[in-house]
Amino acid sequence: MDHDIIVTGGGIAGLTAAAAFGTAGFSVLCVDPAPPVTVRDAEGSDLRTTAFLQPARALLDRAGLWERLAPHAMPLQVMRIMDAGGEVAEPRVTRDFDAADLSDAPFGWNLPNWLLRREMTGRLDELPNVVFRPGVAATGLFTRSSEARVRLSDGTTARARLVVAADGRNSAMRNAAGIGARTTRFGQKALAFAVTHPIPHENVSTEIHRTGGPFTLVPLPDWDGRPSSAVVWMEEGPEAMRLLNLPVEAFEAEMSARSTHLLGPLTLASRRTIWPIISQIAERFWSERLALMAEAAHVVPPIGAQGLNMSLADLRVLLELAEGAPDRLGEADLLQAYHRRRYAEVAARVAGVSMLNRVSMQSARPLRDARAAGIQALYSAAPVRKALMQLGLGARGTRGSGTA
């Protein structure tokens, strides 16, 4: 056998999977069609950020990644939900979730995706049992009860006991296995970019709801000596494209207004990127010698930092099963157990985040008023607020350092 595991996909989830399985002692091949862009201002760099919630830290520790990431991580101490759906774009309901209500640790830590790729590929280079082949795609899959064979874009074939598909929402491995997926399209796109601002963010991540979708400011380290934040701005497709193509000065005026000037005038500190918003879930998370994880298995709108943290929960379960029975790696009963432990929870979260996204899109005044009243009611009662925070973390009410 060439490898124990082949990971298809070199995004954040795939690189984390390769590091985690490699650190656990499995031999791993990770492939991705594009070399990772690991410089902030290089063409093609991913300017989105990832908020690793508390339960993710233990997994990143196990993968040997956290010590590399910690120096660059911005703690998220408070998550603020704000409704600005009145006649003018100003806050009318504001509710804060403070991590101190749950534990001594912050809710999570925010890092830019381009930097994550840099540090994660550095970790793979340290592992002698992991081979990372950027610029090579997985193009075909053939399985039998004893092994999987993955055809690669360079004309070679690699063999393994298990294929972990982390190759995105249009997963070639999922399609090759004949696994369907249910997709919901919202008619939205999201703009992602970085800004600087005169007022410090004080480690507060803020979701501002008005129409079209939330406008989210997530803390970043200072940039050029000024406080900085990452922004994800969701709007209906045509409006998002209009914003994307505005001159910088006009765009800065519109984004400052949309932010309710919460942090003062915003200054664009990167190029603007855009991507479509969907929700999606695969019909099942496994096939013969194949496990689906991350966006190959499920996609949600970028609300509440759920996307990658659901992906890391997939990895945590798969890693536990593999370490618990390494001699049965890739066998059907192990993969069925993975599906059973993940599918119901993922389906519920996909449905829940999709519903929240629809609520956030509402433009009719009565519906915007209902959204504000809902935020007021849900987040005002302390026991409800605490339960919602624990649910958002996926922490099942655990307390302390963030182990799930």
# chains A, B, ... in the order shown; residues from 1 in each chain; ligands from 1

call {"tool": "residues_around", "arguments": {"residues": "Asn203 in chain A", "least_positions_apart": "5", "cutoff": "9 Å", "atoms": "only C-alpha atoms", "output": "short mmCIF file (atom, residue, chain, number, x, y, z; two decimals) with N, CA, C and O atoms, in the first residue's frame"}}
result
data_model
loop_
_atom_site.label_atom_id
_atom_site.label_comp_id
_atom_site.auth_asym_id
_atom_site.auth_seq_id
_atom_site.Cartn_x
_atom_site.Cartn_y
_atom_site.Cartn_z
N MET A 74 -5.74 36.16 16.91
CA MET A 74 -6.39 37.27 17.61
C MET A 74 -7.55 36.71 18.44
O MET A 74 -8.50 36.14 17.89
N PRO A 75 -7.51 36.83 19.77
CA PRO A 75 -8.59 36.28 20.60
C PRO A 75 -9.92 36.98 20.32
O PRO A 75 -9.96 38.19 20.07
N LEU A 76 -10.99 36.20 20.36
CA LEU A 76 -12.36 36.71 20.21
C LEU A 76 -13.04 36.59 21.57
O LEU A 76 -13.47 35.51 21.95
N GLN A 77 -13.08 37.69 22.30
CA GLN A 77 -13.61 37.65 23.66
C GLN A 77 -15.11 37.88 23.71
O GLN A 77 -15.82 37.29 24.52
N VAL A 78 -15.61 38.75 22.83
CA VAL A 78 -17.03 39.09 22.81
C VAL A 78 -17.56 38.93 21.40
O VAL A 78 -16.92 39.35 20.43
N MET A 79 -18.72 38.29 21.28
CA MET A 79 -19.45 38.23 20.02
C MET A 79 -20.69 39.11 20.15
O MET A 79 -21.53 38.86 21.01
N VAL A 218 -14.56 41.16 12.12
CA VAL A 218 -13.86 40.20 12.97
C VAL A 218 -12.46 40.73 13.26
O VAL A 218 -11.74 41.13 12.34
N PRO A 219 -12.06 40.75 14.54
CA PRO A 219 -10.77 41.36 14.90
C PRO A 219 -9.57 40.72 14.22
O PRO A 219 -9.47 39.49 14.11
N LEU A 220 -8.66 41.58 13.78
CA LEU A 220 -7.35 41.18 13.28
C LEU A 220 -6.27 41.95 14.05
O LEU A 220 -6.57 42.97 14.68
#

call {"tool": "select_by_dssp", "arguments": {"residues": "range 166-288 of chain A", "states": "strand (DSSP E or B)", "output": "JSON, numbers by chain"}}
result
{"A": [181, 182, 183, 184, 185, 186, 187, 188, 189, 190, 191, 192, 193, 194, 195, 196, 204, 205, 206, 207, 208, 209, 215, 216, 217, 218, 219, 220, 221, 222, 223, 226, 227, 228, 229, 230, 231, 232, 233, 234, 235, 236, 262, 264, 267, 268, 273, 274, 275, 276, 277, 278, 279, 280, 281, 282, 286, 287]}

call {"tool": "residues_around", "arguments": {"residues": "Met120 in chain A", "least_positions_apart": "3", "cutoff": "9 Å", "atoms": "only C-alpha atoms", "output": "PDB file with C-alpha atoms, in the first residue's frame"}}
result
ATOM      1  CA  ILE A  12      -7.655  24.780   5.629  1.00  0.00           C
ATOM      2  CA  LEU A  15      -4.242  20.650   5.540  1.00  0.00           C
ATOM      3  CA  THR A  16      -5.473  20.258   9.121  1.00  0.00           C
ATOM      4  CA  ALA A  19      -1.365  17.298   9.874  1.00  0.00           C
ATOM      5  CA  LEU A  65      -0.483  23.235  14.672  1.00  0.00           C
ATOM      6  CA  ARG A  68       2.625  27.646  15.131  1.00  0.00           C
ATOM      7  CA  LEU A  69      -0.709  29.507  15.009  1.00  0.00           C
ATOM      8  CA  LEU A 115      -1.474  32.793   6.980  1.00  0.00           C
ATOM      9  CA  LEU A 116      -3.118  29.534   8.024  1.00  0.00           C
ATOM     10  CA  ARG A 117      -1.987  27.956   4.763  1.00  0.00           C
ATOM     11  CA  ARG A 123       3.842  21.832   9.725  1.00  0.00           C
ATOM     12  CA  LEU A 124       3.455  19.228   6.949  1.00  0.00           C
ATOM     13  CA  ASP A 125       7.073  19.812   5.978  1.00  0.00           C
TER      14      ASP A 125
END

call {"tool": "select_by_dssp", "arguments": {"residues": "range 47-245 of chain A", "states": "alpha helix (DSSP H)", "output": "ChimeraX atom specification"}}
result
/A:54-62,66-69,113-126,172-176,237-244

call {"tool": "write_last_selection", "arguments": {"atoms": "N, CA, C and O atoms", "output": "compact mmCIF listing (two decimals), in the first residue's frame"}}
result
# COMPACT_ATOMS: atom_id res chain seq x y z
N GLN A 54 -13.52 27.48 20.56
CA GLN A 54 -12.82 26.77 21.64
C GLN A 54 -12.60 25.29 21.38
O GLN A 54 -11.48 24.79 21.58
N PRO A 55 -13.62 24.53 20.94
CA PRO A 55 -13.39 23.09 20.77
C PRO A 55 -12.31 22.75 19.75
O PRO A 55 -11.77 21.65 19.78
N ALA A 56 -12.00 23.69 18.84
CA ALA A 56 -11.01 23.40 17.81
C ALA A 56 -9.59 23.39 18.35
O ALA A 56 -8.71 22.74 17.77
N ARG A 57 -9.36 24.09 19.44
CA ARG A 57 -7.97 24.26 19.89
C ARG A 57 -7.32 22.94 20.28
O ARG A 57 -6.14 22.69 19.95
N ALA A 58 -8.06 22.06 20.95
CA ALA A 58 -7.49 20.77 21.35
C ALA A 58 -7.07 19.96 20.13
O ALA A 58 -6.02 19.31 20.13
N LEU A 59 -7.89 20.02 19.06
CA LEU A 59 -7.54 19.29 17.85
C LEU A 59 -6.31 19.89 17.19
O LEU A 59 -5.41 19.16 16.72
N LEU A 60 -6.23 21.21 17.14
CA LEU A 60 -5.06 21.87 16.56
C LEU A 60 -3.80 21.54 17.37
O LEU A 60 -2.71 21.37 16.80
N ASP A 61 -3.95 21.42 18.68
CA ASP A 61 -2.83 20.99 19.53
C ASP A 61 -2.38 19.59 19.15
O ASP A 61 -1.18 19.32 18.99
N ARG A 62 -3.34 18.69 19.01
CA ARG A 62 -3.01 17.29 18.67
C ARG A 62 -2.31 17.20 17.32
O ARG A 62 -1.50 16.30 17.10
N TRP A 66 -1.15 24.24 16.79
CA TRP A 66 -1.49 25.40 17.60
C TRP A 66 -0.25 26.22 17.97
O TRP A 66 -0.30 27.46 17.98
N GLU A 67 0.86 25.58 18.29
CA GLU A 67 2.04 26.34 18.68
C GLU A 67 2.54 27.21 17.53
O GLU A 67 3.15 28.26 17.77
N ARG A 68 2.25 26.82 16.28
CA ARG A 68 2.62 27.65 15.13
C ARG A 68 1.62 28.79 14.93
O ARG A 68 1.99 29.87 14.45
N LEU A 69 0.35 28.53 15.27
CA LEU A 69 -0.71 29.51 15.01
C LEU A 69 -0.87 30.52 16.13
O LEU A 69 -1.25 31.68 15.88
N ASN A 113 -6.80 33.39 6.38
CA ASN A 113 -6.65 32.09 5.71
C ASN A 113 -5.30 31.95 5.01
O ASN A 113 -4.72 30.86 4.99
N TRP A 114 -4.79 33.04 4.42
CA TRP A 114 -3.49 32.92 3.74
C TRP A 114 -2.40 32.55 4.74
O TRP A 114 -1.50 31.76 4.44
N LEU A 115 -2.47 33.10 5.96
CA LEU A 115 -1.47 32.79 6.98
C LEU A 115 -1.64 31.36 7.49
O LEU A 115 -0.65 30.66 7.74
N LEU A 116 -2.88 30.92 7.63
CA LEU A 116 -3.12 29.53 8.02
C LEU A 116 -2.46 28.57 7.04
O LEU A 116 -1.82 27.59 7.45
N ARG A 117 -2.61 28.84 5.77
CA ARG A 117 -1.99 27.96 4.76
C ARG A 117 -0.47 27.96 4.91
O ARG A 117 0.17 26.91 4.79
N ARG A 118 0.09 29.11 5.17
CA ARG A 118 1.55 29.19 5.34
C ARG A 118 2.02 28.34 6.51
O ARG A 118 2.96 27.55 6.39
N GLU A 119 1.36 28.48 7.65
CA GLU A 119 1.79 27.75 8.84
C GLU A 119 1.47 26.27 8.75
O GLU A 119 2.23 25.42 9.24
N MET A 120 0.34 25.93 8.13
CA MET A 120 -0.04 24.51 8.04
C MET A 120 0.86 23.76 7.07
O MET A 120 1.26 22.62 7.35
N THR A 121 1.21 24.37 5.95
CA THR A 121 2.14 23.68 5.04
C THR A 121 3.52 23.57 5.68
O THR A 121 4.23 22.59 5.47
N GLY A 122 3.88 24.55 6.52
CA GLY A 122 5.13 24.43 7.27
C GLY A 122 5.10 23.24 8.21
O GLY A 122 6.11 22.54 8.36
N ARG A 123 3.97 22.99 8.84
CA ARG A 123 3.84 21.83 9.73
C ARG A 123 3.97 20.53 8.93
O ARG A 123 4.63 19.58 9.38
N LEU A 124 3.36 20.46 7.75
CA LEU A 124 3.45 19.23 6.95
C LEU A 124 4.91 18.95 6.57
O LEU A 124 5.32 17.78 6.51
N ASP A 125 5.66 20.00 6.32
CA ASP A 125 7.07 19.81 5.98
C ASP A 125 7.86 19.17 7.12
O ASP A 125 8.90 18.54 6.90
N GLU A 126 7.38 19.32 8.35
CA GLU A 126 8.06 18.76 9.52
C GLU A 126 7.78 17.28 9.71
O GLU A 126 8.47 16.61 10.48
N ALA A 172 -14.78 16.32 -6.35
CA ALA A 172 -14.61 15.29 -7.38
C ALA A 172 -14.73 13.90 -6.79
O ALA A 172 -15.25 12.98 -7.43
N MET A 173 -14.26 13.71 -5.55
CA MET A 173 -14.34 12.39 -4.93
C MET A 173 -15.79 12.04 -4.59
O MET A 173 -16.21 10.88 -4.76
N ARG A 174 -16.56 13.00 -4.11
CA ARG A 174 -17.98 12.75 -3.83
C ARG A 174 -18.70 12.37 -5.12
O ARG A 174 -19.50 11.42 -5.15
N ASN A 175 -18.42 13.10 -6.17
CA ASN A 175 -19.07 12.79 -7.46
C ASN A 175 -18.63 11.43 -7.99
O ASN A 175 -19.46 10.67 -8.52
N ALA A 176 -17.35 11.10 -7.84
CA ALA A 176 -16.86 9.82 -8.32
C ALA A 176 -17.50 8.66 -7.58
O ALA A 176 -17.69 7.57 -8.15
N GLY A 237 -27.01 39.11 -4.85
CA GLY A 237 -25.97 39.04 -5.87
C GLY A 237 -25.70 40.31 -6.65
O GLY A 237 -24.55 40.78 -6.72
N PRO A 238 -26.73 40.93 -7.26
CA PRO A 238 -26.47 42.15 -8.05
C PRO A 238 -25.89 43.29 -7.22
O PRO A 238 -25.01 44.02 -7.69
N GLU A 239 -26.37 43.45 -5.98
CA GLU A 239 -25.84 44.50 -5.12
C GLU A 239 -24.39 44.21 -4.74
O GLU A 239 -23.55 45.12 -4.71
N ALA A 240 -24.07 42.95 -4.48
CA ALA A 240 -22.69 42.60 -4.15
C ALA A 240 -21.76 42.91 -5.32
O ALA A 240 -20.64 43.41 -5.13
N MET A 241 -22.20 42.62 -6.53
CA MET A 241 -21.37 42.91 -7.70
C MET A 241 -21.19 44.42 -7.89
O MET A 241 -20.11 44.89 -8.26
N ARG A 242 -22.25 45.19 -7.63
CA ARG A 242 -22.13 46.65 -7.72
C ARG A 242 -21.08 47.16 -6.72
O ARG A 242 -20.22 47.97 -7.07
N LEU A 243 -21.15 46.64 -5.50
CA LEU A 243 -20.18 47.06 -4.48
C LEU A 243 -18.76 46.67 -4.86
O LEU A 243 -17.81 47.43 -4.66
N LEU A 244 -18.62 45.48 -5.39
CA LEU A 244 -17.29 44.99 -5.78
C LEU A 244 -16.62 45.93 -6.77
O LEU A 244 -15.39 46.12 -6.73

call {"tool": "atom_distance", "arguments": {"atom1": "CA of Thr260 in chain A", "atom2": "CA of Ile208 in chain A"}}
result
8.4 Å

call {"tool": "closest_residue", "arguments": {"among": "A:Ala347, A:Ile6, A:Ala297, A:Met1", "to": "Asn170 in chain A", "atoms": "only C-alpha atoms"}}
result
A:Ala297

call {"tool": "atom_distance", "arguments": {"atom1": "CA of His72 in chain A", "atom2": "CA of Leu318 in chain A"}}
result
27.6 Å

call {"tool": "closest_atom_pairs", "arguments": {"of": "range 205-261 of chain A", "to": "range 177-194 of chain A", "cutoff": "6 Å", "atoms": "only C-alpha atoms", "output": "JSON lines"}}
result
{"residue": "A:Ser229", "atom": "CA", "partner": "A:Ala194", "partner_atom": "CA", "distance": 5.9}
{"residue": "A:Ala230", "atom": "CA", "partner": "A:Ala194", "partner_atom": "CA", "distance": 4.4}
{"residue": "A:Val231", "atom": "CA", "partner": "A:Phe193", "partner_atom": "CA", "distance": 5.5}
{"residue": "A:Val232", "atom": "CA", "partner": "A:Ala192", "partner_atom": "CA", "distance": 4.7}
{"residue": "A:Trp233", "atom": "CA", "partner": "A:Leu191", "partner_atom": "CA", "distance": 5.0}
{"residue": "A:Met234", "atom": "CA", "partner": "A:Ala190", "partner_atom": "CA", "distance": 4.3}
{"residue": "A:Glu235", "atom": "CA", "partner": "A:Gln188", "partner_atom": "CA", "distance": 5.4}
{"residue": "A:Glu236", "atom": "CA", "partner": "A:Gln188", "partner_atom": "CA", "distance": 4.2}
{"residue": "A:Gly237", "atom": "CA", "partner": "A:Gln188", "partner_atom": "CA", "distance": 4.7}

call {"tool": "residues_around", "arguments": {"residues": "Gly264 in chain A", "least_positions_apart": "4", "cutoff": "10 Å", "atoms": "only C-alpha atoms", "output": "MDAnalysis selection string"}}
result
chainID A and resid 196:200 256:257 259:260

call {"tool": "closest_atom_pairs", "arguments": {"of": "range 26-52 of chain A", "to": "range 155-169 of chain A", "cutoff": "12 Å", "atoms": "only C-alpha atoms", "output": "CSV"}}
result
residue,atom,partner,partner_atom,distance
A:Phe26,CA,A:Arg161,CA,10.6
A:Ser27,CA,A:Ala160,CA,9.3
A:Val28,CA,A:Ala160,CA,8.8
A:Leu29,CA,A:Ala158,CA,8.6
A:Cys30,CA,A:Val164,CA,9.4
A:Val31,CA,A:Asp167,CA,9.3
A:Asp32,CA,A:Asp167,CA,7.9
A:Pro33,CA,A:Asp167,CA,9.5
A:Ala34,CA,A:Asp167,CA,11.4

call {"tool": "atom_distance", "arguments": {"atom1": "CA of Phe107 in chain A", "atom2": "CA of Leu47 in chain A"}}
result
21.6 Å

call {"tool": "closest_residue", "arguments": {"among": "A:Ala63, A:Val317, A:Met255, A:Ala291", "to": "Glu331 in chain A", "atoms": "only C-alpha atoms"}}
result
A:Ala291
